[in-house]
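This is upload04.pdb (PDB, C-alpha atoms, pLDDT in the B column).
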MODEL        1
ATOM      1  CA  MET A   1       0.000   0.000   0.000  1.00 85.00           C
ATOM      2  CA  GLU A   2       1.318   3.408  -0.922  1.00 90.00           C
ATOM      3  CA  LEU A   3       0.396   6.852   0.344  1.00 92.00           C
ATOM      4  CA  ARG A   4      -0.743   7.656  -3.186  1.00 92.00           C
ATOM      5  CA  HIS A   5      -3.457   4.991  -2.900  1.00 95.00           C
ATOM      6  CA  LEU A   6      -4.646   6.523   0.346  1.00 95.00           C
ATOM      7  CA  ARG A   7      -4.659  10.026  -1.124  1.00 95.00           C
ATOM      8  CA  TYR A   8      -6.698   8.772  -4.075  1.00 96.00           C
ATOM      9  CA  PHE A   9      -9.152   7.028  -1.775  1.00 96.00           C
ATOM     10  CA  ILE A  10      -9.510  10.158   0.381  1.00 96.00           C
ATOM     11  CA  ALA A  11     -10.298  12.275  -2.688  1.00 95.00           C
ATOM     12  CA  VAL A  12     -12.949   9.843  -3.936  1.00 96.00           C
ATOM     13  CA  ALA A  13     -14.439   9.512  -0.447  1.00 96.00           C
ATOM     14  CA  GLU A  14     -14.642  13.287  -0.043  1.00 95.00           C
ATOM     15  CA  GLU A  15     -15.986  13.976  -3.526  1.00 93.00           C
ATOM     16  CA  LEU A  16     -18.207  10.867  -3.694  1.00 94.00           C
ATOM     17  CA  ASN A  17     -17.585  11.076  -7.416  1.00 92.00           C
ATOM     18  CA  PHE A  18     -14.753   9.546  -9.437  1.00 93.00           C
ATOM     19  CA  SER A  19     -14.732  12.251 -12.120  1.00 92.00           C
ATOM     20  CA  ARG A  20     -14.459  15.122  -9.637  1.00 93.00           C
ATOM     21  CA  ALA A  21     -11.849  13.246  -7.605  1.00 94.00           C
ATOM     22  CA  ALA A  22      -9.807  12.587 -10.748  1.00 95.00           C
ATOM     23  CA  ALA A  23      -9.962  16.276 -11.688  1.00 95.00           C
ATOM     24  CA  ARG A  24      -8.938  17.268  -8.160  1.00 95.00           C
ATOM     25  CA  LEU A  25      -5.972  14.888  -8.283  1.00 94.00           C
ATOM     26  CA  HIS A  26      -5.018  15.841 -11.862  1.00 95.00           C
ATOM     27  CA  VAL A  27      -5.277  12.237 -13.061  1.00 94.00           C
ATOM     28  CA  SER A  28      -7.645  10.558 -15.476  1.00 94.00           C
ATOM     29  CA  GLN A  29     -10.559   8.566 -14.147  1.00 92.00           C
ATOM     30  CA  PRO A  30      -9.687   5.030 -15.377  1.00 92.00           C
ATOM     31  CA  PRO A  31      -6.328   4.843 -13.520  1.00 93.00           C
ATOM     32  CA  LEU A  32      -7.982   6.330 -10.433  1.00 93.00           C
ATOM     33  CA  SER A  33     -10.665   3.625 -10.516  1.00 93.00           C
ATOM     34  CA  ARG A  34      -7.978   0.939 -10.935  1.00 94.00           C
ATOM     35  CA  GLN A  35      -6.038   2.295  -7.956  1.00 94.00           C
ATOM     36  CA  ILE A  36      -9.146   2.229  -5.752  1.00 95.00           C
ATOM     37  CA  ARG A  37      -9.979  -1.329  -6.856  1.00 95.00           C
ATOM     38  CA  GLY A  38      -6.377  -2.294  -6.142  1.00 95.00           C
ATOM     39  CA  LEU A  39      -6.585  -0.785  -2.659  1.00 95.00           C
ATOM     40  CA  GLU A  40      -9.808  -2.678  -1.994  1.00 96.00           C
ATOM     41  CA  ALA A  41      -8.164  -5.900  -3.199  1.00 96.00           C
ATOM     42  CA  GLU A  42      -5.130  -5.327  -1.034  1.00 96.00           C
ATOM     43  CA  LEU A  43      -7.255  -4.600   2.040  1.00 96.00           C
ATOM     44  CA  LYS A  44      -9.672  -7.411   1.081  1.00 97.00           C
ATOM     45  CA  VAL A  45     -12.661  -5.184   1.830  1.00 96.00           C
ATOM     46  CA  LYS A  46     -15.095  -3.130  -0.231  1.00 96.00           C
ATOM     47  CA  LEU A  47     -14.603   0.555   0.543  1.00 96.00           C
ATOM     48  CA  LEU A  48     -17.107   2.098  -1.859  1.00 95.00           C
ATOM     49  CA  ASP A  49     -20.536   1.205  -3.159  1.00 92.00           C
ATOM     50  CA  ARG A  50     -20.672   2.283  -6.794  1.00 90.00           C
ATOM     51  CA  ASN A  51     -23.884   2.554  -8.801  1.00 85.00           C
ATOM     52  CA  THR A  52     -25.364   4.720 -11.545  1.00 83.00           C
ATOM     53  CA  GLN A  53     -26.548   7.259  -8.978  1.00 83.00           C
ATOM     54  CA  GLY A  54     -23.106   7.821  -7.478  1.00 84.00           C
ATOM     55  CA  VAL A  55     -20.636   6.578  -4.922  1.00 92.00           C
ATOM     56  CA  ARG A  56     -21.177   5.862  -1.226  1.00 95.00           C
ATOM     57  CA  LEU A  57     -18.749   4.817   1.471  1.00 95.00           C
ATOM     58  CA  THR A  58     -19.293   1.417   3.011  1.00 94.00           C
ATOM     59  CA  ARG A  59     -19.006   0.973   6.755  1.00 96.00           C
ATOM     60  CA  ALA A  60     -15.430  -0.228   6.239  1.00 95.00           C
ATOM     61  CA  GLY A  61     -14.857   2.729   3.910  1.00 95.00           C
ATOM     62  CA  HIS A  62     -15.758   5.177   6.677  1.00 96.00           C
ATOM     63  CA  ALA A  63     -13.288   3.528   9.060  1.00 95.00           C
ATOM     64  CA  VAL A  64     -10.538   3.374   6.444  1.00 95.00           C
ATOM     65  CA  LEU A  65     -11.125   7.036   5.549  1.00 96.00           C
ATOM     66  CA  VAL A  66     -10.507   8.149   9.142  1.00 95.00           C
ATOM     67  CA  ARG A  67      -7.331   6.097   9.385  1.00 96.00           C
ATOM     68  CA  SER A  68      -6.143   7.140   5.891  1.00 95.00           C
ATOM     69  CA  ARG A  69      -6.424  10.825   6.765  1.00 95.00           C
ATOM     70  CA  LYS A  70      -4.346  10.237   9.892  1.00 95.00           C
ATOM     71  CA  LEU A  71      -1.691   8.257   8.021  1.00 94.00           C
ATOM     72  CA  VAL A  72      -1.365  10.883   5.285  1.00 93.00           C
ATOM     73  CA  CYS A  73      -1.194  13.641   7.902  1.00 93.00           C
ATOM     74  CA  ASP A  74       1.480  11.724   9.835  1.00 93.00           C
ATOM     75  CA  ALA A  75       3.491  11.194   6.648  1.00 92.00           C
ATOM     76  CA  GLU A  76       3.378  14.913   5.862  1.00 91.00           C
ATOM     77  CA  SER A  77       4.477  15.724   9.423  1.00 91.00           C
ATOM     78  CA  LEU A  78       7.326  13.242   9.086  1.00 92.00           C
ATOM     79  CA  ARG A  79       8.472  14.873   5.862  1.00 90.00           C
ATOM     80  CA  ALA A  80       8.445  18.342   7.442  1.00 89.00           C
ATOM     81  CA  GLU A  81      10.288  17.120  10.547  1.00 87.00           C
ATOM     82  CA  ALA A  82      12.930  15.324   8.464  1.00 87.00           C
ATOM     83  CA  GLN A  83      13.530  18.468   6.413  1.00 85.00           C
ATOM     84  CA  THR A  84      13.905  20.536   9.582  1.00 81.00           C
ATOM     85  CA  ILE A  85      16.372  18.052  11.048  1.00 77.00           C
ATOM     86  CA  GLY A  86      18.241  17.941   7.750  1.00 75.00           C
ATOM     87  CA  LYS A  87      18.686  21.704   7.815  1.00 73.00           C
ATOM     88  CA  GLU A  88      19.820  21.625  11.441  1.00 68.00           C
ATOM     89  CA  SER A  89      22.451  18.979  10.703  1.00 61.00           C
ATOM     90  CA  GLU A  90      24.132  21.378   8.291  1.00 63.00           C
ATOM     91  CA  GLU A  91      25.008  23.708  11.156  1.00 65.00           C
ATOM     92  CA  GLU A  92      28.440  23.715  12.742  1.00 66.00           C
ATOM     93  CA  LEU A  93      29.332  24.141  16.383  1.00 67.00           C
ATOM     94  CA  ARG A  94      32.413  26.270  17.037  1.00 71.00           C
ATOM     95  CA  ILE A  95      34.176  26.148  20.381  1.00 69.00           C
ATOM     96  CA  GLY A  96      37.164  28.137  21.598  1.00 70.00           C
ATOM     97  CA  TYR A  97      38.909  27.130  24.817  1.00 66.00           C
ATOM     98  CA  ALA A  98      42.093  27.638  26.775  1.00 67.00           C
ATOM     99  CA  PRO A  99      44.175  24.457  26.836  1.00 66.00           C
ATOM    100  CA  SER A 100      45.301  23.949  30.409  1.00 65.00           C
ATOM    101  CA  PRO A 101      42.337  24.667  32.694  1.00 62.00           C
ATOM    102  CA  THR A 102      39.602  23.384  30.380  1.00 65.00           C
ATOM    103  CA  ALA A 103      41.174  20.375  28.637  1.00 67.00           C
ATOM    104  CA  VAL A 104      39.526  17.803  30.913  1.00 71.00           C
ATOM    105  CA  ILE A 105      36.160  19.583  30.863  1.00 74.00           C
ATOM    106  CA  ILE A 106      36.094  20.140  27.108  1.00 73.00           C
ATOM    107  CA  SER A 107      36.834  16.479  26.302  1.00 75.00           C
ATOM    108  CA  GLY A 108      33.711  15.398  28.247  1.00 78.00           C
ATOM    109  CA  VAL A 109      31.596  18.081  26.624  1.00 76.00           C
ATOM    110  CA  LEU A 110      32.758  17.087  23.134  1.00 76.00           C
ATOM    111  CA  ALA A 111      32.137  13.384  23.798  1.00 79.00           C
ATOM    112  CA  ARG A 112      28.573  14.130  24.930  1.00 81.00           C
ATOM    113  CA  TYR A 113      28.031  16.436  21.946  1.00 77.00           C
ATOM    114  CA  HIS A 114      29.022  13.657  19.530  1.00 74.00           C
ATOM    115  CA  GLU A 115      26.619  11.249  21.285  1.00 80.00           C
ATOM    116  CA  LEU A 116      23.729  13.691  20.912  1.00 77.00           C
ATOM    117  CA  SER A 117      24.616  14.894  17.406  1.00 74.00           C
ATOM    118  CA  PRO A 118      26.433  12.147  15.508  1.00 72.00           C
ATOM    119  CA  GLY A 119      27.974  13.369  12.296  1.00 70.00           C
ATOM    120  CA  GLN A 120      27.504  17.021  13.223  1.00 72.00           C
ATOM    121  CA  ALA A 121      30.323  19.342  12.192  1.00 71.00           C
ATOM    122  CA  LEU A 122      32.523  20.661  14.970  1.00 70.00           C
ATOM    123  CA  ALA A 123      35.346  23.187  14.860  1.00 70.00           C
ATOM    124  CA  SER A 124      37.489  23.763  17.931  1.00 67.00           C
ATOM    125  CA  THR A 125      40.183  26.327  18.475  1.00 68.00           C
ATOM    126  CA  ILE A 126      42.723  26.421  21.254  1.00 65.00           C
ATOM    127  CA  LEU A 127      42.966  29.987  22.449  1.00 63.00           C
ATOM    128  CA  PRO A 128      46.303  31.441  23.515  1.00 61.00           C
ATOM    129  CA  THR A 129      46.852  31.516  27.246  1.00 57.00           C
ATOM    130  CA  LEU A 130      46.364  34.993  28.665  1.00 54.00           C
ATOM    131  CA  ARG A 131      48.857  36.175  31.240  1.00 56.00           C
ATOM    132  CA  CYS A 132      47.912  38.603  33.918  1.00 54.00           C
ATOM    133  CA  CYS A 133      50.377  41.160  34.973  1.00 54.00           C
ATOM    134  CA  ARG A 134      50.179  42.964  38.279  1.00 53.00           C
ATOM    135  CA  GLY A 135      51.589  46.358  38.215  1.00 49.00           C
TER     136      GLY A 135
ENDMDL
END
As structure tokens, what does this structure read like?
Amino acid sequence: MELRHLRYFIAVAEELNFSRAAARLHVSQPPLSRQIRGLEAELKVKLLDRNTQGVRLTRAGHAVLVRSRKLVCDAESLRAEAQTIGKESEEELRIGYAPSPTAVIISGVLARYHELSPGQALASTILPTLRCCRG
């Protein structure tokens, strides 16, 4: 089963008309009808009652419509989340530190960072030690 099949079914269920659903989806009606029949065959249940007066959802069709909408919505959310994460992974963390007092601390921080963000770019710079003079 593909998301496309579910999207096609949702359109037919909402339009209750194959011609209008096909126009809405920008496909021709015969392939749309084949896809719906294929979905019914795969699910082994009749989703739509078709007759000369129109199309009606069966009891199973109503249940599948609710679940199909949720699945399509979840898939769209997944796509958006993946794109957001993909953009975040292109960022780079830059750290500057003084070598002697922070060497032990920074190694733990960097190890934890790599656990939380595997593959994330990291640039570190050892800063020159500053000397204080009392005058």
Counting all atoms listed in the file, the residue among A:Leu65, A:Leu25, A:Ala41, A:Val109 that lies closest to Phe9 of chain A is A:Leu65
Expand the PyMOL selection byres ((chain A and resi 71-81) around 12) into the explicit residue set it covers here, and present it as a ChimeraX atom specification.
/A:1-10,64-70,82-88
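Closest approach to Arg37 of chain A among A:Gly108, A:Val12, A:Glu115, A:Ala23 is made by A:Val12 (distances from all atoms listed in the file).
Taking atom CA of Ile105 of chain A and atom CA of Gln120 of chain A as the two end points, the separation is 19.8 Å.
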Translate the PyMOL selection byres ((chain A and resi 47) around 10), as applied to the file shown, into an explicit residue set as an mmCIF file with C-alpha atoms, keeping the file's coordinate frame.
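Produced file part_29.cif, reproduced below:
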data_model
loop_
_atom_site.group_PDB
_atom_site.id
_atom_site.type_symbol
_atom_site.label_atom_id
_atom_site.label_comp_id
_atom_site.auth_asym_id
_atom_site.auth_seq_id
_atom_site.Cartn_x
_atom_site.Cartn_y
_atom_site.Cartn_z
ATOM 1 C CA PHE A 9 -9.152 7.028 -1.775
ATOM 2 C CA ALA A 13 -14.439 9.512 -0.447
ATOM 3 C CA ILE A 36 -9.146 2.229 -5.752
ATOM 4 C CA ARG A 37 -9.979 -1.329 -6.856
ATOM 5 C CA LEU A 39 -6.585 -0.785 -2.659
ATOM 6 C CA GLU A 40 -9.808 -2.678 -1.994
ATOM 7 C CA ALA A 41 -8.164 -5.900 -3.199
ATOM 8 C CA LEU A 43 -7.255 -4.600 2.040
ATOM 9 C CA LYS A 44 -9.672 -7.411 1.081
ATOM 10 C CA VAL A 45 -12.661 -5.184 1.830
ATOM 11 C CA LYS A 46 -15.095 -3.130 -0.231
ATOM 12 C CA LEU A 48 -17.107 2.098 -1.859
ATOM 13 C CA ASP A 49 -20.536 1.205 -3.159
ATOM 14 C CA ARG A 50 -20.672 2.283 -6.794
ATOM 15 C CA ARG A 56 -21.177 5.862 -1.226
ATOM 16 C CA LEU A 57 -18.749 4.817 1.471
ATOM 17 C CA THR A 58 -19.293 1.417 3.011
ATOM 18 C CA ARG A 59 -19.006 0.973 6.755
ATOM 19 C CA ALA A 60 -15.430 -0.228 6.239
ATOM 20 C CA GLY A 61 -14.857 2.729 3.910
ATOM 21 C CA HIS A 62 -15.758 5.177 6.677
ATOM 22 C CA ALA A 63 -13.288 3.528 9.060
ATOM 23 C CA VAL A 64 -10.538 3.374 6.444
ATOM 24 C CA LEU A 65 -11.125 7.036 5.549
#
Exercise. One decimal, Å: what's the distance from atom CA of Ser33 of chain A over to atom CA of Ala11 of chain A, could you say?
Key: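 Between these atoms lies a distance of 11.7 Å.
In this model, the gap between atom CA of Val55 of chain A and atom CA of Leu16 of chain A comes to 5.1 Å.
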Neighbour residues at most 10 Å from (27.9, 20.2, 19.4) (all atoms listed in the file) as a PyMOL selection string: chain A and resi 91-95+109-123
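Minimum atom-to-atom distances from A:Gly54, A:Val104, A:Gly96, A:Glu42 to Arg20 of chain A were compared using only C-alpha atoms, and the lowest value belongs to A:Gly54.
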Could you please give me, as a PyMOL selection string, the residues of protein, DNA or RNA lying at most 12 Å from (-14.1, 12.4, -15.3) in the coordinate frame of the file, considering all atoms listed in the file? chain A and resi 12+17-33
As a tab-separated table (two decimals), in the coordinates of the input, the rebuilt segment 113-124 of chain A with all heavy atoms:
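Result file follows (rebuild_16.tsv):
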chain	number	residue	atom	x	y	z
A	113	TYR	N	28.55	15.78	23.15
A	113	TYR	CA	28.03	16.44	21.95
A	113	TYR	C	27.97	15.44	20.79
A	113	TYR	O	26.97	15.37	20.08
A	113	TYR	CB	28.90	17.63	21.57
A	113	TYR	CG	28.49	18.29	20.28
A	113	TYR	CD1	27.37	19.10	20.23
A	113	TYR	CD2	29.21	18.09	19.11
A	113	TYR	CE1	26.97	19.69	19.05
A	113	TYR	CE2	28.82	18.67	17.93
A	113	TYR	CZ	27.70	19.48	17.90
A	113	TYR	OH	27.31	20.06	16.73
A	114	HIS	N	29.01	14.64	20.62
A	114	HIS	CA	29.02	13.66	19.53
A	114	HIS	C	27.99	12.55	19.75
A	114	HIS	O	27.44	12.01	18.80
A	114	HIS	CB	30.42	13.06	19.34
A	114	HIS	CG	31.36	14.00	18.65
A	114	HIS	ND1	31.17	14.45	17.37
A	114	HIS	CD2	32.49	14.61	19.08
A	114	HIS	CE1	32.14	15.26	17.02
A	114	HIS	NE2	32.96	15.39	18.05
A	115	GLU	N	27.68	12.23	21.00
A	115	GLU	CA	26.62	11.25	21.28
A	115	GLU	C	25.26	11.81	20.87
A	115	GLU	O	24.44	11.10	20.29
A	115	GLU	CB	26.56	10.94	22.79
A	115	GLU	CG	27.67	10.07	23.30
A	115	GLU	CD	27.59	9.92	24.82
A	115	GLU	OE1	26.52	10.15	25.41
A	115	GLU	OE2	28.62	9.56	25.42
A	116	LEU	N	25.03	13.07	21.18
A	116	LEU	CA	23.73	13.69	20.91
A	116	LEU	C	23.57	14.11	19.46
A	116	LEU	O	22.46	14.18	18.95
A	116	LEU	CB	23.52	14.91	21.82
A	116	LEU	CG	23.44	14.61	23.31
A	116	LEU	CD1	23.42	15.91	24.11
A	116	LEU	CD2	22.22	13.77	23.62
A	117	SER	N	24.68	14.42	18.79
A	117	SER	CA	24.62	14.89	17.41
A	117	SER	C	25.64	14.17	16.55
A	117	SER	O	26.62	14.78	16.11
A	117	SER	CB	24.88	16.40	17.37
A	117	SER	OG	23.97	17.10	18.17
A	118	PRO	N	25.44	12.88	16.31
A	118	PRO	CA	26.43	12.15	15.51
A	118	PRO	C	26.53	12.72	14.10
A	118	PRO	O	25.54	13.06	13.49
A	118	PRO	CB	25.91	10.71	15.50
A	118	PRO	CG	24.46	10.81	15.87
A	118	PRO	CD	24.30	12.06	16.68
A	119	GLY	N	27.75	12.87	13.64
A	119	GLY	CA	27.97	13.37	12.30
A	119	GLY	C	27.91	14.88	12.17
A	119	GLY	O	28.12	15.43	11.10
A	120	GLN	N	27.61	15.56	13.25
A	120	GLN	CA	27.50	17.02	13.22
A	120	GLN	C	28.90	17.62	13.12
A	120	GLN	O	29.85	17.15	13.74
A	120	GLN	CB	26.80	17.49	14.50
A	120	GLN	CG	26.48	18.95	14.53
A	120	GLN	CD	25.20	19.27	13.77
A	120	GLN	OE1	24.97	18.75	12.69
A	120	GLN	NE2	24.39	20.12	14.33
A	121	ALA	N	29.04	18.69	12.36
A	121	ALA	CA	30.32	19.34	12.19
A	121	ALA	C	30.72	20.05	13.48
A	121	ALA	O	29.89	20.61	14.18
A	121	ALA	CB	30.25	20.34	11.04
A	122	LEU	N	32.00	20.03	13.76
A	122	LEU	CA	32.52	20.66	14.97
A	122	LEU	C	33.87	21.27	14.64
A	122	LEU	O	34.72	20.65	14.02
A	122	LEU	CB	32.69	19.62	16.08
A	122	LEU	CG	33.35	20.08	17.36
A	122	LEU	CD1	32.44	21.06	18.09
A	122	LEU	CD2	33.65	18.89	18.25
A	123	ALA	N	34.06	22.51	15.04
A	123	ALA	CA	35.35	23.19	14.86
A	123	ALA	C	35.79	23.67	16.22
A	123	ALA	O	35.05	24.36	16.91
A	123	ALA	CB	35.22	24.35	13.89
A	124	SER	N	36.98	23.29	16.64
A	124	SER	CA	37.49	23.76	17.93
A	124	SER	C	38.79	24.52	17.72
A	124	SER	O	39.56	24.21	16.82
A	124	SER	CB	37.69	22.59	18.89
A	124	SER	OG	38.63	21.69	18.37
